[in-house]
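> My file is work01.csv. It has CSV, C-alpha atoms (C1' of nucleotides):
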```csv
chain,number,residue,atom,x,y,z
A,99,MET,CA,147.4,188.0,43.2
A,100,LYS,CA,150.1,185.6,43.9
A,101,LYS,CA,152.2,185.9,47.0
A,102,THR,CA,154.7,187.7,44.9
A,103,PRO,CA,157.5,185.2,44.7
A,104,ALA,CA,159.5,188.1,43.5
A,105,ARG,CA,163.0,186.6,43.9
A,106,PRO,CA,163.1,183.0,42.8
A,107,SER,CA,162.3,181.2,46.1
A,108,ALA,CA,164.4,183.6,48.2
A,109,ALA,CA,167.7,182.3,46.6
A,110,PHE,CA,171.1,183.5,47.8
A,111,ARG,CA,171.4,187.1,46.7
A,112,MET,CA,174.7,188.0,45.4
A,113,THR,CA,176.3,191.2,46.6
A,114,PRO,CA,179.9,192.5,46.4
A,115,GLN,CA,180.5,191.6,50.0
A,116,ARG,CA,179.1,188.1,49.6
A,117,ALA,CA,181.1,187.6,46.4
A,118,GLU,CA,184.3,188.4,48.2
A,119,LEU,CA,183.4,186.2,51.1
A,120,LEU,CA,182.7,183.4,48.7
A,121,ARG,CA,186.0,184.0,47.1
A,122,ALA,CA,187.7,183.8,50.5
A,123,LEU,CA,186.0,180.5,51.1
A,124,GLU,CA,186.4,178.9,47.7
A,125,GLY,CA,188.9,176.1,47.8
A,126,ASN,CA,190.0,177.2,51.2
A,127,LYS,CA,191.4,174.3,53.1
A,128,SER,CA,192.4,176.2,56.2
A,129,HIS,CA,189.0,175.9,57.9
A,130,PRO,CA,188.8,179.6,58.8
A,131,SER,CA,186.9,181.1,61.7
A,132,ALA,CA,184.4,183.9,61.4
A,133,GLU,CA,187.0,186.3,62.7
A,134,GLN,CA,189.5,185.3,60.1
A,135,LEU,CA,187.0,185.7,57.3
A,136,HIS,CA,186.0,189.1,58.7
A,137,ARG,CA,189.6,190.2,58.7
A,138,ARG,CA,190.1,189.1,55.1
A,139,LEU,CA,186.8,190.6,54.0
A,140,ARG,CA,187.8,193.9,55.6
A,141,LYS,CA,190.8,194.3,53.3
A,142,LYS,CA,188.4,194.8,50.4
A,143,PHE,CA,185.5,196.3,52.3
A,144,PRO,CA,186.9,198.2,55.3
A,145,GLY,CA,183.4,199.0,56.6
A,146,VAL,CA,182.0,195.5,56.6
A,147,SER,CA,180.6,194.4,59.9
A,148,PHE,CA,180.8,191.2,61.8
A,149,ALA,CA,177.0,190.8,61.5
A,150,THR,CA,177.3,190.7,57.7
A,151,VAL,CA,179.9,187.9,57.9
A,152,TYR,CA,177.7,185.9,60.3
A,153,ASN,CA,174.6,186.6,58.3
A,154,THR,CA,176.2,185.5,55.1
A,155,LEU,CA,177.7,182.4,56.7
A,156,GLN,CA,174.3,181.5,58.1
A,157,SER,CA,172.8,181.9,54.6
A,158,LEU,CA,175.4,179.7,53.1
A,159,LEU,CA,174.8,177.1,55.8
A,160,ASP,CA,171.1,177.2,55.2
A,161,ILE,CA,171.5,176.5,51.5
A,162,GLY,CA,174.0,173.8,52.2
A,163,GLU,CA,177.0,175.5,50.5
A,164,LEU,CA,179.0,175.6,53.6
A,165,ALA,CA,179.7,173.3,56.6
A,166,GLU,CA,180.2,174.5,60.2
A,167,ILE,CA,182.9,172.6,62.1
A,168,ARG,CA,182.8,172.5,65.8
A,169,ILE,CA,186.1,170.7,66.5
A,170,ASP,CA,187.6,173.9,67.8
A,171,ARG,CA,185.9,174.3,71.2
A,172,SER,CA,186.4,178.1,71.4
A,173,ARG,CA,184.9,179.1,68.1
A,174,ALA,CA,183.2,177.9,65.0
A,175,ARG,CA,185.2,177.1,61.9
A,176,PHE,CA,183.9,176.8,58.4
A,177,ASP,CA,184.6,174.5,55.5
A,178,PRO,CA,183.4,175.1,52.0
A,179,CYS,CA,183.7,171.4,51.4
A,180,THR,CA,180.4,169.9,52.6
A,181,ASP,CA,180.9,166.2,52.0
A,182,GLY,CA,180.9,164.5,55.3
A,183,HIS,CA,184.6,164.1,55.9
A,184,ALA,CA,186.3,164.0,59.2
A,185,HIS,CA,188.7,166.5,60.7
A,186,LEU,CA,191.9,166.4,62.7
A,187,MET,CA,192.8,169.4,64.9
A,188,CYS,CA,196.2,170.2,66.4
A,189,ALA,CA,195.6,170.9,70.1
A,190,GLU,CA,198.6,173.2,70.1
A,191,CYS,CA,198.2,175.6,67.2
A,192,GLY,CA,194.6,175.0,66.2
A,193,ALA,CA,195.3,173.9,62.6
A,194,ILE,CA,192.7,171.6,61.2
A,195,ALA,CA,193.3,169.0,58.5
A,196,ASP,CA,190.9,167.0,56.5
A,197,LEU,CA,190.5,163.2,56.7
A,198,SER,CA,188.3,161.1,54.5
A,199,VAL,CA,186.4,158.4,56.2
A,200,SER,CA,186.8,155.2,54.2
A,201,ARG,CA,184.8,153.1,56.7
A,202,PRO,CA,182.1,154.5,59.0
A,203,PRO,CA,182.3,153.5,62.6
A,204,ALA,CA,180.0,150.7,63.7
A,205,VAL,CA,178.1,151.5,66.9
A,206,SER,CA,175.9,149.5,69.1
A,207,GLY,CA,173.6,150.5,71.9
A,208,ALA,CA,171.7,152.9,69.7
A,209,PRO,CA,168.3,153.5,71.3
A,210,ARG,CA,165.5,152.2,69.3
A,211,GLY,CA,163.6,154.9,67.4
A,212,PHE,CA,166.4,157.3,67.3
A,213,LYS,CA,166.5,158.7,63.8
A,214,VAL,CA,170.1,159.5,63.0
A,215,LEU,CA,170.6,162.5,60.7
A,216,ARG,CA,174.3,163.3,60.8
A,217,CYS,CA,177.6,162.0,62.1
A,218,ASN,CA,180.7,163.9,63.2
A,219,ILE,CA,184.1,162.3,63.5
A,220,GLU,CA,186.8,164.4,65.1
A,221,PHE,CA,190.4,163.7,65.9
A,222,TYR,CA,192.7,165.7,68.2
A,223,GLY,CA,196.4,165.5,68.1
A,224,VAL,CA,199.6,167.3,67.5
A,225,CYS,CA,200.6,168.5,64.1
A,226,PRO,CA,204.1,167.8,62.7
A,227,ALA,CA,205.2,171.4,63.2
A,228,CYS,CA,204.1,171.5,66.9
A,229,GLY,CA,205.4,168.1,67.5
A,230,LYS,CA,208.8,169.3,66.5
A,231,LYS,CA,208.6,172.4,68.7
A,232,ALA,CA,207.5,170.3,71.7
A,233,GLY,CA,210.7,168.3,71.2
A,234,ASN,CA,212.7,171.4,71.9
A,235,LYS,CA,210.8,173.3,74.5
A,236,GLU,CA,209.7,171.9,77.8
A,237,LYS,CA,206.2,170.7,78.0
A,238,THR,CA,205.4,172.9,80.9
A,239,LEU,CA,204.6,175.8,78.6
A,240,CYS,CA,201.9,174.0,76.7
A,241,GLN,CA,199.7,172.9,79.5
A,242,LYS,CA,197.2,175.5,80.3
A,243,LYS,CA,196.6,176.6,76.8
A,244,LYS,CA,192.9,176.8,76.3
A,245,ARG,CA,192.3,179.5,73.8
A,246,LYS,CA,194.5,180.9,71.2
B,265,MET,CA,214.1,171.8,101.6
B,266,LYS,CA,211.6,169.9,99.6
B,267,LYS,CA,208.9,171.8,97.8
B,268,THR,CA,206.6,171.0,100.7
B,269,PRO,CA,204.3,168.5,99.0
B,270,ALA,CA,202.0,169.1,101.9
B,271,ARG,CA,198.9,167.4,100.6
B,272,PRO,CA,199.7,164.2,98.8
B,273,SER,CA,200.6,165.4,95.3
B,274,ALA,CA,197.7,167.9,95.3
B,275,ALA,CA,195.1,165.2,95.1
B,276,PHE,CA,191.4,166.0,94.8
B,277,ARG,CA,190.4,167.5,98.1
B,278,MET,CA,187.0,166.4,99.3
B,279,THR,CA,184.6,169.0,100.6
B,280,PRO,CA,180.8,168.8,101.3
B,281,GLN,CA,180.1,170.7,98.1
B,282,ARG,CA,182.4,168.5,96.1
B,283,ALA,CA,180.9,165.3,97.6
B,284,GLU,CA,177.5,166.5,96.6
B,285,LEU,CA,178.6,167.3,93.1
B,286,LEU,CA,180.1,163.8,92.8
B,287,ARG,CA,176.9,162.3,94.1
B,288,ALA,CA,175.0,164.2,91.4
B,289,LEU,CA,177.4,162.9,88.8
B,290,GLU,CA,177.7,159.3,89.9
B,291,GLY,CA,176.0,157.0,87.5
B,292,ASN,CA,174.3,160.0,85.9
B,293,LYS,CA,173.5,159.1,82.3
B,294,SER,CA,171.8,162.3,81.4
B,295,HIS,CA,175.0,164.2,80.5
B,296,PRO,CA,174.1,167.3,82.5
B,297,SER,CA,175.4,170.8,81.8
B,298,ALA,CA,177.2,172.9,84.3
B,299,GLU,CA,174.0,174.9,84.9
B,300,GLN,CA,172.0,171.7,85.6
B,301,LEU,CA,174.7,170.6,88.1
B,302,HIS,CA,174.7,174.0,89.7
B,303,ARG,CA,170.9,173.9,90.1
B,304,ARG,CA,171.1,170.5,91.7
B,305,LEU,CA,173.9,171.5,93.9
B,306,ARG,CA,172.1,174.6,95.1
B,307,LYS,CA,169.3,172.5,96.6
B,308,LYS,CA,171.7,171.3,99.2
B,309,PHE,CA,174.0,174.3,99.3
B,310,PRO,CA,172.0,177.3,98.4
B,311,GLY,CA,175.0,179.6,98.5
B,312,VAL,CA,177.2,177.6,96.2
B,313,SER,CA,178.5,179.6,93.2
B,314,PHE,CA,178.9,178.8,89.6
B,315,ALA,CA,182.6,179.2,90.0
B,316,THR,CA,182.7,176.4,92.5
B,317,VAL,CA,180.9,174.1,90.0
B,318,TYR,CA,183.3,175.0,87.2
B,319,ASN,CA,186.3,174.7,89.4
B,320,THR,CA,185.3,171.3,90.7
B,321,LEU,CA,184.4,170.1,87.2
B,322,GLN,CA,187.8,171.3,86.0
B,323,SER,CA,189.5,169.4,88.8
B,324,LEU,CA,187.6,166.3,87.9
B,325,LEU,CA,188.6,166.7,84.3
B,326,ASP,CA,192.2,167.1,85.2
B,327,ILE,CA,192.3,163.9,87.2
B,328,GLY,CA,190.5,162.1,84.5
B,329,GLU,CA,187.4,161.3,86.5
B,330,LEU,CA,185.1,163.1,84.2
B,331,ALA,CA,184.6,163.6,80.5
B,332,GLU,CA,183.5,166.8,78.8
B,333,ILE,CA,181.2,166.4,75.9
B,334,ARG,CA,181.0,169.0,73.2
B,335,ILE,CA,178.2,167.6,71.1
B,336,ASP,CA,175.9,170.3,72.3
B,337,ARG,CA,177.1,173.4,70.5
B,338,SER,CA,175.7,175.8,73.0
B,339,ARG,CA,177.2,174.5,76.2
B,340,ALA,CA,179.5,171.9,77.6
B,341,ARG,CA,177.9,168.6,78.9
B,342,PHE,CA,179.6,166.3,81.3
B,343,ASP,CA,179.8,162.5,81.5
B,344,PRO,CA,181.1,160.6,84.6
B,345,CYS,CA,181.8,157.7,82.3
B,346,THR,CA,185.2,158.3,80.7
B,347,ASP,CA,185.7,155.4,78.4
B,348,GLY,CA,185.7,156.7,74.9
B,349,HIS,CA,182.2,156.0,73.9
B,350,ALA,CA,180.3,157.9,71.3
B,351,HIS,CA,177.2,160.1,71.8
B,352,LEU,CA,174.0,160.7,70.0
B,353,MET,CA,172.1,163.9,70.6
B,354,CYS,CA,168.6,164.8,69.8
B,355,ALA,CA,168.6,168.0,67.7
B,356,GLU,CA,165.1,168.9,69.1
B,357,CYS,CA,165.3,168.4,72.8
B,358,GLY,CA,169.0,168.1,73.5
B,359,ALA,CA,168.9,164.7,75.1
B,360,ILE,CA,172.1,162.8,74.8
B,361,ALA,CA,172.4,159.1,74.6
B,362,ASP,CA,175.4,156.8,74.8
B,363,LEU,CA,176.7,154.6,72.0
B,364,SER,CA,179.5,152.2,72.2
B,365,VAL,CA,181.8,152.0,69.2
B,366,SER,CA,182.3,148.5,68.2
B,367,ARG,CA,184.5,149.3,65.2
B,368,PRO,CA,186.5,152.4,65.0
B,369,PRO,CA,186.2,154.4,61.7
B,370,ALA,CA,188.9,153.9,59.1
B,371,VAL,CA,190.3,157.1,57.8
B,372,SER,CA,192.7,158.0,55.0
B,373,GLY,CA,194.4,161.2,54.1
B,374,ALA,CA,195.9,161.7,57.5
B,375,PRO,CA,198.8,164.0,57.2
B,376,ARG,CA,202.1,162.4,58.0
B,377,GLY,CA,203.5,163.2,61.3
B,378,PHE,CA,200.2,164.1,62.9
B,379,LYS,CA,200.2,162.4,66.3
B,380,VAL,CA,196.6,161.5,67.1
B,381,LEU,CA,195.7,161.7,70.8
B,382,ARG,CA,191.9,161.5,70.9
B,383,CYS,CA,188.9,160.8,68.8
B,384,ASN,CA,185.3,162.0,69.1
B,385,ILE,CA,182.4,160.4,67.3
B,386,GLU,CA,179.1,162.2,67.5
B,387,PHE,CA,175.7,161.5,66.0
B,388,TYR,CA,172.8,163.9,65.7
B,389,GLY,CA,169.3,162.9,65.2
B,390,VAL,CA,165.8,162.9,66.6
B,391,CYS,CA,164.9,161.0,69.6
B,392,PRO,CA,161.8,158.8,69.7
B,393,ALA,CA,159.8,161.2,71.8
B,394,CYS,CA,160.5,164.2,69.5
B,395,GLY,CA,160.0,162.1,66.5
B,396,LYS,CA,156.5,161.4,67.7
B,397,LYS,CA,155.8,165.0,68.4
B,398,ALA,CA,157.1,166.0,64.9
B,399,GLY,CA,154.5,163.6,63.5
B,400,ASN,CA,151.8,165.8,64.9
B,401,LYS,CA,153.0,169.3,64.8
B,402,GLU,CA,154.0,171.0,61.6
B,403,LYS,CA,157.7,171.2,60.9
B,404,THR,CA,157.6,174.9,60.6
B,405,LEU,CA,157.9,175.3,64.4
B,406,CYS,CA,161.2,173.5,64.7
B,407,GLN,CA,163.3,175.3,62.2
B,408,LYS,CA,165.0,178.2,63.8
B,409,LYS,CA,165.6,176.5,67.1
B,410,LYS,CA,169.2,177.2,68.0
B,411,ARG,CA,169.4,177.3,71.8
B,412,LYS,CA,167.1,175.8,74.3
C,287,DA,C1',160.1,204.8,34.7
C,288,DT,C1',158.8,204.8,39.7
C,289,DA,C1',157.1,203.2,44.1
C,290,DC,C1',157.6,199.3,46.7
C,291,DC,C1',159.4,195.5,49.2
C,292,DA,C1',162.4,191.8,50.6
C,293,DG,C1',166.5,191.2,51.7
C,294,DA,C1',171.5,193.1,52.6
C,295,DT,C1',174.2,196.0,55.3
C,296,DA,C1',176.3,198.8,59.4
C,297,DA,C1',176.7,199.7,64.0
C,298,DG,C1',176.4,198.4,68.2
C,299,DA,C1',173.9,196.4,72.1
C,300,DA,C1',172.7,192.2,74.1
C,301,DC,C1',173.4,187.5,75.4
C,302,DC,C1',175.3,183.9,77.8
C,303,DA,C1',178.5,180.2,78.8
C,304,DT,C1',182.8,180.3,80.7
C,305,DT,C1',186.9,182.2,82.9
C,306,DC,C1',189.2,185.3,85.9
C,307,DT,C1',189.9,188.1,90.1
C,308,DT,C1',189.7,189.2,94.7
C,309,DG,C1',189.1,188.4,99.2
C,310,DT,C1',188.0,185.1,102.9
C,311,DC,C1',188.2,180.9,105.1
C,312,DA,C1',189.5,176.1,106.6
C,313,DA,C1',192.7,172.3,107.2
C,314,DG,C1',197.1,170.1,107.5
C,315,DC,C1',201.8,170.5,108.6
C,316,DG,C1',205.9,172.1,110.8
D,45,DC,C1',200.3,178.5,116.8
D,46,DG,C1',201.5,180.4,112.3
D,47,DC,C1',202.2,179.2,107.4
D,48,DT,C1',200.9,177.5,103.2
D,49,DT,C1',197.7,175.5,100.1
D,50,DG,C1',193.7,175.1,98.2
D,51,DA,C1',188.4,175.7,98.4
D,52,DC,C1',184.9,178.9,98.3
D,53,DA,C1',181.8,183.1,97.2
D,54,DA,C1',180.7,186.9,94.7
D,55,DG,C1',180.9,189.2,91.0
D,56,DA,C1',183.4,191.3,87.1
D,57,DA,C1',185.4,190.3,82.7
D,58,DT,C1',185.8,187.9,78.4
D,59,DG,C1',184.6,186.8,73.9
D,60,DG,C1',182.1,184.4,70.4
D,61,DT,C1',177.7,184.8,68.6
D,62,DT,C1',173.1,186.7,68.1
D,63,DC,C1',169.8,190.3,68.0
D,64,DT,C1',168.1,195.0,67.1
D,65,DT,C1',167.5,199.0,64.8
D,66,DA,C1',168.0,201.8,61.1
D,67,DT,C1',169.2,202.6,56.5
D,68,DC,C1',170.3,201.1,51.9
D,69,DT,C1',169.7,198.8,47.5
D,70,DG,C1',168.2,196.3,43.5
D,71,DG,C1',164.7,193.7,41.3
D,72,DT,C1',159.5,193.6,40.4
D,73,DA,C1',155.0,195.1,39.6
D,74,DT,C1',152.3,198.7,38.3
```
Kindly present the structure from the file in structure tokens form.

Amino acid sequence: MKKTPARPSAAFRMTPQRAELLRALEGNKSHPSAEQLHRRLRKKFPGVSFATVYNTLQSLLDIGELAEIRIDRSRARFDPCTDGHAHLMCAECGAIADLSVSRPPAVSGAPRGFKVLRCNIEFYGVCPACGKKAGNKEKTLCQKKKRK
Amino acid sequence: MKKTPARPSAAFRMTPQRAELLRALEGNKSHPSAEQLHRRLRKKFPGVSFATVYNTLQSLLDIGELAEIRIDRSRARFDPCTDGHAHLMCAECGAIADLSVSRPPAVSGAPRGFKVLRCNIEFYGVCPACGKKAGNKEKTLCQKKKRK
DNA sequence: ATACCAGATAAGAACCATTCTTGTCAAGCG
DNA sequence: CGCTTGACAAGAATGGTTCTTATCTGGTAT
């Protein structure tokens, strides 16, 4: 007469597609976007749809096995490492690097009664490779770049 | 034979629409979205288009008179105060409050050669009003909320 | 075993903030 | 005055993400 728990508390159900997506994420330090993950997944499962990628990513986010990074204004990026580290993104090529926060920022002016749940720290800059390129080319080419 | 500077170095050209938008922004601590600004602007100029709002906002961003805030994942928010303060957003109602950073975070692991240009610090939480509401209602209602 | 059911998948439509395009207009300058 | 530049309006286009609908599948209860 129970409500048929059936699957143990609706845990993450493993499927071949999901396993491959997990494999693509495991230890991945490149902070891939949904599109990149979809491309990679399609190599093994040519028929896999974008919805499957988004659904799986959402499930992983729900169970806390994945972090969504919003440092890239034009699309979400994902990080299998979920400790609350900071990120540094190259404004030119979009590469994202990890940073560990050894000392959290001290803030003032926090409205009373605001319950803080999470903190994001993001840095924007120019990566070594792009910095080198900028040394050669004129800067005029890099100005209006908004999306990749 | 000069390149006809015409207007003094392409400065920000004032128009009634722009003046009204500036008025809407001046001292505005609510971090409005483009849509909110458009609504407000339409009260005085019913025919004003979204493109005008975006164009003007972009111009203001270009000349550094406005800051774009990305703490709200679903839309850009704007802040007439451009010093690099931090923000705190209520995950329930979307309200954004200001915070001043009295001590910048210390980070390690920064890749060599990365030239840092800018830093964002964002906090997410629950504002006093929503915290009170959550005390009454069940939490089940607030789970899937993604966009307003 | 077999029917059932929750969840997974595929395909594509829908959504929506933002950007782009096109044409028109106004203002400053020569 | 005509030219040039930039503002404006209207709407189309873009593109990442979400939603919908219709199967499919694998574990569970009977």
> Please identify all residues of chain A having at least one atom at most 10 Å from any atom of chain B, considering only C-alpha atoms, and return them as an mmCIF file with C-alpha atoms, keeping the file's coordinate frame.

```cif
data_model
loop_
_atom_site.group_PDB
_atom_site.id
_atom_site.type_symbol
_atom_site.label_atom_id
_atom_site.label_comp_id
_atom_site.auth_asym_id
_atom_site.auth_seq_id
_atom_site.Cartn_x
_atom_site.Cartn_y
_atom_site.Cartn_z
ATOM 1 C CA ARG A 168 182.800 172.500 65.800
ATOM 2 C CA ILE A 169 186.100 170.700 66.500
ATOM 3 C CA ASP A 170 187.600 173.900 67.800
ATOM 4 C CA ARG A 171 185.900 174.300 71.200
ATOM 5 C CA ARG A 173 184.900 179.100 68.100
ATOM 6 C CA ALA A 174 183.200 177.900 65.000
ATOM 7 C CA HIS A 183 184.600 164.100 55.900
ATOM 8 C CA ALA A 184 186.300 164.000 59.200
ATOM 9 C CA HIS A 185 188.700 166.500 60.700
ATOM 10 C CA LEU A 186 191.900 166.400 62.700
ATOM 11 C CA MET A 187 192.800 169.400 64.900
ATOM 12 C CA CYS A 188 196.200 170.200 66.400
ATOM 13 C CA ALA A 189 195.600 170.900 70.100
ATOM 14 C CA ALA A 195 193.300 169.000 58.500
ATOM 15 C CA ASP A 196 190.900 167.000 56.500
ATOM 16 C CA LEU A 197 190.500 163.200 56.700
ATOM 17 C CA SER A 198 188.300 161.100 54.500
ATOM 18 C CA VAL A 199 186.400 158.400 56.200
ATOM 19 C CA SER A 200 186.800 155.200 54.200
ATOM 20 C CA ARG A 201 184.800 153.100 56.700
ATOM 21 C CA PRO A 202 182.100 154.500 59.000
ATOM 22 C CA PRO A 203 182.300 153.500 62.600
ATOM 23 C CA ALA A 204 180.000 150.700 63.700
ATOM 24 C CA VAL A 205 178.100 151.500 66.900
ATOM 25 C CA SER A 206 175.900 149.500 69.100
ATOM 26 C CA GLY A 207 173.600 150.500 71.900
ATOM 27 C CA ALA A 208 171.700 152.900 69.700
ATOM 28 C CA PRO A 209 168.300 153.500 71.300
ATOM 29 C CA ARG A 210 165.500 152.200 69.300
ATOM 30 C CA GLY A 211 163.600 154.900 67.400
ATOM 31 C CA PHE A 212 166.400 157.300 67.300
ATOM 32 C CA LYS A 213 166.500 158.700 63.800
ATOM 33 C CA VAL A 214 170.100 159.500 63.000
ATOM 34 C CA LEU A 215 170.600 162.500 60.700
ATOM 35 C CA ARG A 216 174.300 163.300 60.800
ATOM 36 C CA CYS A 217 177.600 162.000 62.100
ATOM 37 C CA ASN A 218 180.700 163.900 63.200
ATOM 38 C CA ILE A 219 184.100 162.300 63.500
ATOM 39 C CA GLU A 220 186.800 164.400 65.100
ATOM 40 C CA PHE A 221 190.400 163.700 65.900
ATOM 41 C CA TYR A 222 192.700 165.700 68.200
ATOM 42 C CA GLY A 223 196.400 165.500 68.100
ATOM 43 C CA VAL A 224 199.600 167.300 67.500
ATOM 44 C CA CYS A 225 200.600 168.500 64.100
ATOM 45 C CA PRO A 226 204.100 167.800 62.700
ATOM 46 C CA ALA A 227 205.200 171.400 63.200
ATOM 47 C CA CYS A 228 204.100 171.500 66.900
ATOM 48 C CA GLY A 229 205.400 168.100 67.500
ATOM 49 C CA LYS A 230 208.800 169.300 66.500
#
```
> Check the smallest atom-to-atom distance from each of C:DA294, C:DA289, C:DA313, C:DC302 to chain A using all atoms listed in the file, then report the winner.
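When distances to chain A are compared using all atoms listed in the file, the smallest one comes from C:DA294.
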> Can you pull out every residue within 10 Å of DC301 (chain C), counting all atoms listed in the file, but drop anything in the same chain fewer than 4 positions away, and send it as a list in words?
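Answer for this query is DT61, DT62 and DC63 of chain D.
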> Got time to write the residues from that selection, C-alpha atoms (C1' of nucleotides), as a PDB file, in the coordinates of the input?

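Generated output (part16.pdb):
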```pdb
ATOM      1  C1'  DT D  61     177.700 184.800  68.600  1.00  0.00           C
ATOM      2  C1'  DT D  62     173.100 186.700  68.100  1.00  0.00           C
ATOM      3  C1'  DC D  63     169.800 190.300  68.000  1.00  0.00           C
TER       4       DC D  63
END
```
> Find the residues near DA296 (chain C): any atom within 8 Å, counting all atoms listed in the file, skip ones fewer than 6 places away on the same chain, and give them as a list in words.
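These residues fall inside the cut-off: Gly145, Val146 and Ser147 of chain A.
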> For the atom pair C1' of DA299 (chain C) and CA of Arg140 (chain A), what is the interatomic distance in Å to one decimal place?
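Computing it gives 21.7 Å between the two atoms.
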